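Student: Below is a structure I'd like to ask you about.
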Amino acid sequence: MKISNADFKRYSKQIILKKIGIQGQKKIASAKVLVIGAGGLGCPLILYLAYSGVGTLGIVDNDKIDISNLNRQILFTSNDIGKYKVDQSKKIVKKINKKINVKIFKEKLNKKNIKKIFQKFDIICDCSDNFNTRYIINDHCLKFKKILISAAISKFDGQIFNFNFKKKGPCFRCFMPEEPENENNCETDGIMSTLAGIAGTLQANEVIKTIISKKQLCTKEILIFNSLYSNFRKVKLTRNPNCTDQCLKR
């Protein structure tokens, strides 16, 4: 893949970094990344992937924009209320760079459609807001050896995961074997708007690092942070000996 003169100028501040360079930018331009959920996490993630030059970007979401979304879902404005998130997200990405191949899926992810949606993407970004969807995404990525970069937020707290299922290591079920009885989400517990921005940006950072194949990824670790106290820490994540056969037999 060639980098055009226009793209060289657009991404020059990345290209001059020795750890990215022309070859790294070519990898970014060739990357195929799928984002599940165009909400508080998905919006900053989509923005930074687009501005970084990711060549193919998929977006999955069946929701319409509500006024309560506007404090943290930074792709949207009051003029977008009632419109589909994927439609507006695509418009914004195309304004950033019309050359980006944007594929939208205006449907709720489930076991029936996941294979068709995932098949043309190499890196999957989980920005969903419920455990059922997270388990479906985890299990499919594990089965087909996809790279899964996941983020979760609640109140003031966030977590980032990077699972490379092409290698041996833990999966999301190792961390959370069973769905909790009381599921926390933005609707019930509230959310600090800047937390979504921080987590989505960190998630985008993991995607770019993964694409350019640099070390210091959050694999086999959970990056945990609190936006109220600005505390960050990493916790080692190991394979659960009682996890599923699909996880343990890799």
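Residue numbering restarts at 1 in every chain; chains get A, B, ... in the order shown in the structure tokens, and ligands count up from 1 in that same order.
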Could you name the residues that touch A:Leu45 at 8 Å or less, counting only C-alpha atoms, but leaving out those on the same chain fewer than 5 positions away, as a PDB file with N, CA and C atoms, in the first residue's frame?

Tutor:
```pdb
ATOM      1  N   GLY A 200     -12.594   5.597  26.219  1.00  0.00           N
ATOM      2  CA  GLY A 200     -12.645   5.427  24.770  1.00  0.00           C
ATOM      3  C   GLY A 200     -11.326   5.779  24.109  1.00  0.00           C
ATOM      4  N   THR A 201     -10.652   6.798  24.628  1.00  0.00           N
ATOM      5  CA  THR A 201      -9.350   7.197  24.088  1.00  0.00           C
ATOM      6  C   THR A 201      -8.280   6.156  24.406  1.00  0.00           C
ATOM      7  N   GLN A 203      -8.861   3.027  24.855  1.00  0.00           N
ATOM      8  CA  GLN A 203      -9.206   1.887  24.006  1.00  0.00           C
ATOM      9  C   GLN A 203      -8.645   2.103  22.591  1.00  0.00           C
ATOM     10  N   ALA A 204      -8.800   3.317  22.059  1.00  0.00           N
ATOM     11  CA  ALA A 204      -8.239   3.645  20.746  1.00  0.00           C
ATOM     12  C   ALA A 204      -6.716   3.510  20.758  1.00  0.00           C
TER      13      ALA A 204
END
```

Student: Need to verify the contact set: A:Leu41, 8 Å, only C-alpha atoms, exclusion of same-chain residues closer than 3 positions in sequence. Can you return it as a VMD selection string?

Tutor: chain A and resid 37 to 38 44 to 45 73 127 151 196 to 197 199 to 200

Student: Tell me which of A:Asp122, A:Asp66, A:Asp129, A:Glu179 sits closest to A:Lys166, counting only C-alpha atoms.

Tutor: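 Using only C-alpha atoms, the shortest distance to A:Lys166 belongs to A:Asp122.
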
Student: Can you tell me, as a ChimeraX atom specification, what residues are no more than 8 Å from stretch 74-80 of chain A when counting only C-alpha atoms, ignoring any on the same chain fewer than 2 positions away?

Tutor: /A:40,43-44,47,65,67,70-72,82-83,88-89,92

Student: Calculated over only C-alpha atoms, which of the candidates A:Ile81, A:Val93, A:Cys247, A:Leu109 has the smallest distance to A:Asn62?

Tutor: A:Leu109

Student: Please report, as a tab-separated table, each residue of stretch 146-171 of chain A lying at most 12 Å from stretch 230-233 of chain A, together with the nearest pair of atoms and the separation in Å rounded to one decimal; use only C-alpha atoms, and order rows by chain and ascending residue number.

Tutor:
```
residue	atom	partner	partner_atom	distance
A:Phe156	CA	A:Ser230	CA	9.7
A:Asp157	CA	A:Asn231	CA	9.6
A:Gly158	CA	A:Phe232	CA	9.6
A:Gln159	CA	A:Phe232	CA	9.8
A:Ile160	CA	A:Arg233	CA	10.8
```

Student: Could those selected residues go to a file with N, CA and C atoms, as a JSON list (two decimals), in the first residue's frame?

Tutor:
```
[["chain", "number", "residue", "atom", "x", "y", "z"],
["A", 156, "PHE", "N", -17.50, 6.34, 38.19],
["A", 156, "PHE", "CA", -16.21, 7.02, 38.03],
["A", 156, "PHE", "C", -15.10, 6.04, 37.63],
["A", 157, "ASP", "N", -15.45, 4.78, 37.43],
["A", 157, "ASP", "CA", -14.44, 3.74, 37.24],
["A", 157, "ASP", "C", -14.47, 3.15, 35.84],
["A", 158, "GLY", "N", -13.27, 2.82, 35.34],
["A", 158, "GLY", "CA", -13.15, 2.23, 34.02],
["A", 158, "GLY", "C", -12.13, 1.11, 33.99],
["A", 159, "GLN", "N", -12.30, 0.20, 33.03],
["A", 159, "GLN", "CA", -11.35, -0.89, 32.82],
["A", 159, "GLN", "C", -11.10, -1.08, 31.33],
["A", 160, "ILE", "N", -9.86, -1.41, 30.99],
["A", 160, "ILE", "CA", -9.48, -1.69, 29.61],
["A", 160, "ILE", "C", -8.86, -3.09, 29.55]]
```

Student: In stretch 12-66 of chain A, what's helix (DSSP H, G or I) per DSSP? Answer as a list of chain:residue names?

Tutor: A:Ser12, A:Lys13, A:Gln14, A:Ile15, A:Gly21, A:Ile22, A:Gln23, A:Gly24, A:Gln25, A:Lys26, A:Lys27, A:Ile28, A:Ala29, A:Ser30, A:Gly42, A:Cys43, A:Pro44, A:Leu45, A:Ile46, A:Leu47, A:Tyr48, A:Leu49, A:Ala50, A:Tyr51, A:Ser52

Student: Write a file of the selected residues as a compact mmCIF listing (two decimals), in the first residue's frame, keeping C-alpha atoms.

Tutor:
```txt
# COMPACT_ATOMS: atom_id res chain seq x y z
CA SER A 12 3.07 13.55 9.19
CA LYS A 13 3.14 14.04 12.97
CA GLN A 14 2.59 10.29 13.41
CA ILE A 15 4.93 9.27 10.62
CA GLY A 21 6.99 5.71 10.55
CA ILE A 22 5.79 5.02 7.01
CA GLN A 23 5.44 1.28 7.64
CA GLY A 24 3.36 1.83 10.75
CA GLN A 25 1.08 4.26 8.94
CA LYS A 26 0.62 1.73 6.15
CA LYS A 27 -0.44 -0.85 8.75
CA ILE A 28 -2.94 1.61 10.22
CA ALA A 29 -4.34 2.38 6.75
CA SER A 30 -4.71 -1.36 6.07
CA GLY A 42 -17.59 4.21 21.03
CA CYS A 43 -17.74 7.92 20.16
CA PRO A 44 -14.18 8.92 21.24
CA LEU A 45 -12.89 5.56 20.00
CA ILE A 46 -14.38 6.12 16.54
CA LEU A 47 -13.04 9.68 16.42
CA TYR A 48 -9.45 8.73 17.23
CA LEU A 49 -9.45 5.72 14.92
CA ALA A 50 -10.68 7.95 12.11
CA TYR A 51 -8.20 10.74 12.85
CA SER A 52 -5.36 8.17 13.10
```

Student: Just want the 10 Å neighbourhood of A:Asn164, counted on only C-alpha atoms, with same-chain residues fewer than 3 positions away dropped. Output as a list of chain:residue names.

Tutor: A:Ile123, A:Cys141, A:Leu142, A:Lys145, A:Lys146, A:Ile147, A:Leu148, A:Ile149, A:Phe161, A:Lys167, A:Lys168, A:Gly169, A:Pro170, A:Cys171, A:Thr210, A:Leu217, A:Cys218, A:Thr219, A:Lys220

Student: Restricting it to C-alpha atoms, dump the selection as a PDB file, in the first residue's frame.

Tutor:
```pdb
ATOM      1  CA  ILE A 123      -9.701  -6.196  15.526  1.00  0.00           C
ATOM      2  CA  CYS A 141     -13.487 -13.796  19.136  1.00  0.00           C
ATOM      3  CA  LEU A 142     -12.032 -16.698  21.110  1.00  0.00           C
ATOM      4  CA  LYS A 145      -8.920 -16.072  17.096  1.00  0.00           C
ATOM      5  CA  LYS A 146      -9.818 -12.410  16.713  1.00  0.00           C
ATOM      6  CA  ILE A 147      -8.110  -9.642  18.662  1.00  0.00           C
ATOM      7  CA  LEU A 148     -10.582  -8.214  21.184  1.00  0.00           C
ATOM      8  CA  ILE A 149     -10.045  -4.826  22.807  1.00  0.00           C
ATOM      9  CA  PHE A 161      -8.750  -5.222  28.335  1.00  0.00           C
ATOM     10  CA  LYS A 167      -1.957 -16.488  21.536  1.00  0.00           C
ATOM     11  CA  LYS A 168      -2.545 -18.362  24.769  1.00  0.00           C
ATOM     12  CA  GLY A 169      -3.935 -16.280  27.589  1.00  0.00           C
ATOM     13  CA  PRO A 170      -7.056 -15.389  29.572  1.00  0.00           C
ATOM     14  CA  CYS A 171     -10.431 -14.405  28.138  1.00  0.00           C
ATOM     15  CA  THR A 210      -1.882  -3.417  18.443  1.00  0.00           C
ATOM     16  CA  LEU A 217       0.013  -3.818  25.352  1.00  0.00           C
ATOM     17  CA  CYS A 218      -2.515  -4.509  28.109  1.00  0.00           C
ATOM     18  CA  THR A 219      -2.589  -8.235  27.279  1.00  0.00           C
ATOM     19  CA  LYS A 220      -2.863 -10.474  30.341  1.00  0.00           C
TER      20      LYS A 220
END
```

Student: With only C-alpha atoms as the basis for distance, which of A:Asp7, A:Lys234, A:Val35, A:Ser213 is at the shortest distance from A:Phe105?

Tutor: A:Val35
